[in-house]
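K.L.:
For reference, the structure I am asking about is given below.
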Amino acid sequence: MSSSTVVPFNIQNGDEMTQNVKPLLHEIKHALDSLIETGKSTIIDLRSIPLAPGEEDKILNTLGQGEVKAQLNALGLSEVNETQYAGVWTVTHYNDEDQIISRFIEVTTMPEILCSQTEDIMAAYSRLAITLDDIVEDNLETN
Amino acid sequence: MTINKDKSRFDMTLGETLRSQGISRRSFLKFCAATASMMAMSPAMIPKIAHALESARRPSVIWLSFQECTGCTESLTRAHTATIESLIFDYISLDYHHTLMAASGHGAEDARKAAMEENFGKYLLVVDGSIPMGNPGYSTIAGISNYDMLMETAKGAAAIIAVGTCATYGGIPHANPNPTGAVSVGELIKDKPIINVPGCPPIPVVITGVLTHFLTFGTIPELDHIGRPKVFYGQSIHDRCYRRPFYDKGLFAETFDDEGARKGWCLYKLGCKGPTTYNACATTKWNNGTSFPIESGHPCLGCSEPDFWDGGGFYKALSMPTENITKTAIYTAAGAVAAGVALGAMNKSKKNSATKAHNKTTIDDLEK
Amino acid sequence: MSEIEFLSWVRGPGFQIAVIIFIAGVLIRFGEILLLGRKKNLAEAKGSEMSSGLRTIITRSIPDKTTFQRSTFTLVAGYIFHIGIFVTLFLFAPHILMFKEVIGFGWPSIPTPIIDATAVVTIIALLAVLAHRMSNTVLKFLSTKEDYLVWLVTILPLITGYIAFHRIGTTAPTLLAIHILSVELLLVIFPFTKLMHSFTVALSRWYNGAISGYRGVES
């Protein structure tokens with residue numbers, strides 16, 4: 001087989017082959033309920049649930065796209081999207097080769113990874129301080 | 001990977017090291033999330049993994065190479081791009097690896113001794129290659145036999161990771177007739193936790209996965225009945241193979257260049273050992289996720305299983321007998337026909353003599 | 001012995017031993033039967049032995065109405081498991097590969113799900129005939145230890161094969177090795193039990209037909 005030959009192979013999409021789609025959507029509903037009642041966030045790892053080909057898409061299509069669409073550049077791309085149901089987010093991590101390495105559904109007000117991290121803020125403070133020092137020195141020199 | 005020991009760096013935690021390399025906390029969180037997912041852990045574990053890794057100290061690693069081809073080291077160090085897993089691999093303090101280290105001769109051996117003393121009971125021992133028991137002279141390093149070096153270094157190890165099929169099950173040196181009397185690490189060491197990471201070579205991410213698990217929990221991951229981490233070796237190639245539906249439909253490539261081969265049909269008839277091989281190739285794939293042997297059109301050799309080299313030929317289908325049964329059958333048939341004829345002749349003569357010995361009953365007899 | 005060593009043994013020396021016993025056993029028994037000879041029939045032949053014999057080989061495969069009504073269950077279950085064994089043994093791709101390796105030629109296979117379903121039906125039929133044998137007073141009385149042994153070695157390859165295909169219980173190499181071992185057990189026992197009927201059925205039917213043909217009566 002030559003290297004350019006791509007072997008196309010389509011797995012037939014069955015109708016809910018694993019029966020896991022509906023229970024998963026119900027789990028999201030319960031998670032949303034507990035977010036309202038107690039403020040507790042829930043994370044569901046989509047890779048930990050046996051899903052037949054096409055079922056993950058079915059879940060994502062049901063949830064749809066909401067108001068927020070964010071991209072991170074952290075060791076490869078990450079996509080954080082709020083679904084049409086506020087409080088339900090999808091978080092997809094890609095590696096440098098743009099392959100999905102993990103995908104989560106987060107039921108929360110804001111996925112943790114979107115927040116600026118304390119350690120990064122501290123590092124940012126030091127960097128900014130150094131930059132400002134440089135500017136001051138440059139100004140002194142030019143004057 | 002840092003070879004020379006740098007005292008200041010040695011004292012830094014993993015979190016501090018990553019930040020010093022300009023890796024953001026977000027990237028680190030992403031790494032932790034991907035790790036949890038890869039190792040089939042609950043997302044609730046992500047903060048715990050992050051916390052544990054954040055404060056983890058650089059583990060000292062001693063790497064011993066015995067009867068091996070260095071392919072395992074190549075597999076682990078030749079990632080084409082910086083992967084998220086390489087973070088962990090870059091972080092360990094590799095104190096001894098005679099192929100990679102700058103030091104040589106006495107300096108190299110002193111580094112091993114020093115690492116053993118400083119981290120006694122805490123360092124990780126990685127072994128690739130099998131150990132010759134036939135004659136210690138078959139393989140030595142700095143005049144020390146492989147056996148002596150393994151036993152000495154294993155004493156202070158917290159755990160041993162046997163990398164590659166040679167270290168885990170004897171591999172190619174152990175193949176029939178095993179001229180050096182090669183044995184695996186597990187056959188010699190019984191009192192330490194051993195994690196077997198077989199493969200010829202093994203998948204790099206499995207090594208980093210095991211290291212991450214060790215750094216996070218201080219324990220070794222759950223192992224199967226031949227010492228392999230279940231998260232990676234829990235399912236057979238066949239069960240996860242994207243060509244599996246063709247097997248089920250009975251669509252097979254008969255040769256390497258026929259219609260079936262071009263259409264990407266099942267390679268069972270070409271000797272694929274996928275049905276009896278447990279490894280993560282079909283899901284993790286090779287060369288940064290490019291493909292795996294079956295995807296490239298070649299049957300699985302079964303390299304992560306014991307004695308894969310003696311399995312009766314790489315291109316012989318699993319259901320085929322490994323001996324020459326045709327020859328056996330012909331010889332047996334010839335012998336059996338001769339024996340059958342002889343037995344038949346014996347029976348015939350028995351019958352004839354029985355007929356001769358038979359006395360007919362006469363009227364006289366009845367009147368007696 | 002590791003599981004891979006176990007698999008290597010059953011695929012190699014184990015299979016070889018089984019094939020030697022099987023072929024030698026079958027041929028010796030055939031030789032004995034054929035060389036036993038028959039007394040010359042002094043009566044005048046009233047018809048052809050050969051044509052009647054050959055016809056009987058075929059006609060006895062179709063049960064007559066009375067026999068069918070009298071033992072419907074035995075006939076139906078019997079036919080199901082015999083055809084089932086034929087399909088699973090000779091039309092499953094990995095099995096054909098094995099035959100091709102030994103006898104030098106192969107034939108087309110049928111899709112695996114059909115084999116899978118056939119195996120299940122065959123196993124059920126075999127379980128049913130055993131239940132029938134054990135519940136029917138007359139049959140039970142007539143049954144010998146050999147009957148049960150033959151039943152066991154026949155169903156074992158089907159059950160182990162089904163389990164190996166679906167990977168139930170333990171790891172794949174062990175399951176495959178157990179399946180091959182069960183077939184080797186069948187091969188070893190075959191020549192010395194009533195399993196020989198697979199070969200002698202044609203011979204005995206021909207003989208029955210030939211006798212009738214010689215006498216000029218319908219067989």
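Quick note on naming: the chains in the structure tokens go A, B, ... in the order shown, residues restart at 1 in each chain, and ligands are numbered from 1 in order of appearance.
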I need the chain A residues near chain B as a short mmCIF file (atom, residue, chain, number, x, y, z; two decimals) with C-alpha atoms, in the first residue's frame; criterion: at most 6 Å, counting only C-alpha atoms.
P.N.:
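Output (result_35.cif):
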```cif
data_model
loop_
_atom_site.label_atom_id
_atom_site.label_comp_id
_atom_site.auth_asym_id
_atom_site.auth_seq_id
_atom_site.Cartn_x
_atom_site.Cartn_y
_atom_site.Cartn_z
CA ILE A 43 -17.03 16.94 35.64
CA ALA A 74 -1.68 25.68 26.39
CA LEU A 75 0.57 22.89 25.10
CA SER A 102 -9.43 14.28 26.35
CA ILE A 113 -9.09 26.05 33.25
#
```
K.L.:
Can you pull out the residues contacting stretch 142-145 of chain B? Cut-off 10 Å, using only C-alpha atoms, and skip same-chain residues under 4 positions away; I want them as an NGL selection string.
P.N.:
:B and (66 or 104-106 or 108-109 or 131-133 or 135-138 or 149-150)
K.L.:
How would the residues just chosen look if you wrote them out with C-alpha atoms as a compact mmCIF listing (two decimals), in the first residue's frame?
P.N.:
```txt
# COMPACT_ATOMS: atom_id res chain seq x y z
CA PHE B 66 21.37 -5.62 29.72
CA SER B 104 31.90 7.14 31.23
CA GLY B 105 34.08 4.52 32.91
CA HIS B 106 34.52 4.92 36.66
CA ALA B 108 29.53 6.50 35.29
CA GLU B 109 29.63 3.70 37.84
CA ILE B 131 19.82 -11.22 32.01
CA PRO B 132 22.07 -14.08 30.80
CA MET B 133 22.31 -16.86 33.36
CA ASN B 135 27.62 -17.59 31.66
CA PRO B 136 28.09 -14.24 33.43
CA GLY B 137 30.63 -13.30 30.77
CA TYR B 138 27.99 -13.13 28.04
CA MET B 149 24.45 -5.37 38.80
CA LEU B 150 20.71 -6.04 38.79
```
K.L.:
Determine, counting only C-alpha atoms, which protein, DNA and RNA residues have an atom within 8 Å of an atom of C:Ile110; residues of the same chain fewer than 3 positions away are not included. Present the result as number ranges by chain.
P.N.:
B: 250; C: 91-93, 114-115
K.L.:
Give me, as a Markdown table, the closest atom pair and its distance (Å, one decimal) for every residue of chain C within a cut-off of 8 Å of chain B, counting only C-alpha atoms, rows sorted by chain and rising number.
P.N.:
```
| residue | atom | partner | partner_atom | distance |
| --- | --- | --- | --- | --- |
| C:Ser2 | CA | B:Pro306 | CA | 7.9 |
| C:Ile4 | CA | B:Pro306 | CA | 6.4 |
| C:Glu5 | CA | B:Asp307 | CA | 7.3 |
| C:Ser8 | CA | B:Gly311 | CA | 6.2 |
| C:Arg11 | CA | B:Pro321 | CA | 4.7 |
| C:Gly12 | CA | B:Thr322 | CA | 4.8 |
| C:Pro13 | CA | B:Glu323 | CA | 7.0 |
| C:Phe15 | CA | B:Pro321 | CA | 6.9 |
| C:Gln16 | CA | B:Ile325 | CA | 6.3 |
| C:Val19 | CA | B:Ala329 | CA | 6.8 |
| C:Ile20 | CA | B:Thr332 | CA | 5.8 |
| C:Ile23 | CA | B:Ala333 | CA | 6.2 |
| C:Ala24 | CA | B:Ala336 | CA | 4.7 |
| C:Gly25 | CA | B:Ala336 | CA | 7.5 |
| C:Leu27 | CA | B:Ala336 | CA | 5.8 |
| C:Ile28 | CA | B:Gly340 | CA | 4.1 |
| C:Arg29 | CA | B:Gly340 | CA | 6.9 |
| C:Phe30 | CA | B:Gly340 | CA | 7.4 |
| C:Gly31 | CA | B:Gly340 | CA | 4.6 |
| C:Glu32 | CA | B:Gly344 | CA | 4.7 |
| C:Ile33 | CA | B:Gly344 | CA | 7.8 |
| C:Leu34 | CA | B:Gly344 | CA | 8.0 |
| C:Leu35 | CA | B:Gly344 | CA | 5.1 |
| C:Leu36 | CA | B:Lys348 | CA | 6.0 |
| C:Gly37 | CA | B:Lys348 | CA | 7.8 |
| C:Ala93 | CA | B:Gly250 | CA | 6.7 |
| C:Pro94 | CA | B:Ser319 | CA | 5.5 |
| C:His95 | CA | B:Ser319 | CA | 6.6 |
| C:Leu97 | CA | B:Met320 | CA | 6.5 |
| C:Met98 | CA | B:Met320 | CA | 4.5 |
| C:Glu101 | CA | B:Met320 | CA | 6.5 |
| C:Val102 | CA | B:Thr326 | CA | 5.0 |
| C:Ile103 | CA | B:Thr326 | CA | 6.6 |
| C:Ser109 | CA | B:Gly250 | CA | 6.9 |
| C:Ile110 | CA | B:Gly250 | CA | 6.5 |
| C:Pro111 | CA | B:Lys249 | CA | 4.7 |
| C:Thr112 | CA | B:Asp248 | CA | 5.1 |
| C:Pro113 | CA | B:Asp248 | CA | 6.6 |
| C:Thr171 | CA | B:Thr276 | CA | 7.9 |
| C:Ala172 | CA | B:Thr276 | CA | 5.2 |
| C:Pro173 | CA | B:Thr276 | CA | 5.0 |
```
K.L.:
May I ask which of the residues C:Ser204, C:Thr118, C:Ser135, C:Thr174 is the closest one to C:Trp9, counting only C-alpha atoms?
P.N.:
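Looking only at the distances to C:Trp9, the closest residue turns out to be C:Thr174.
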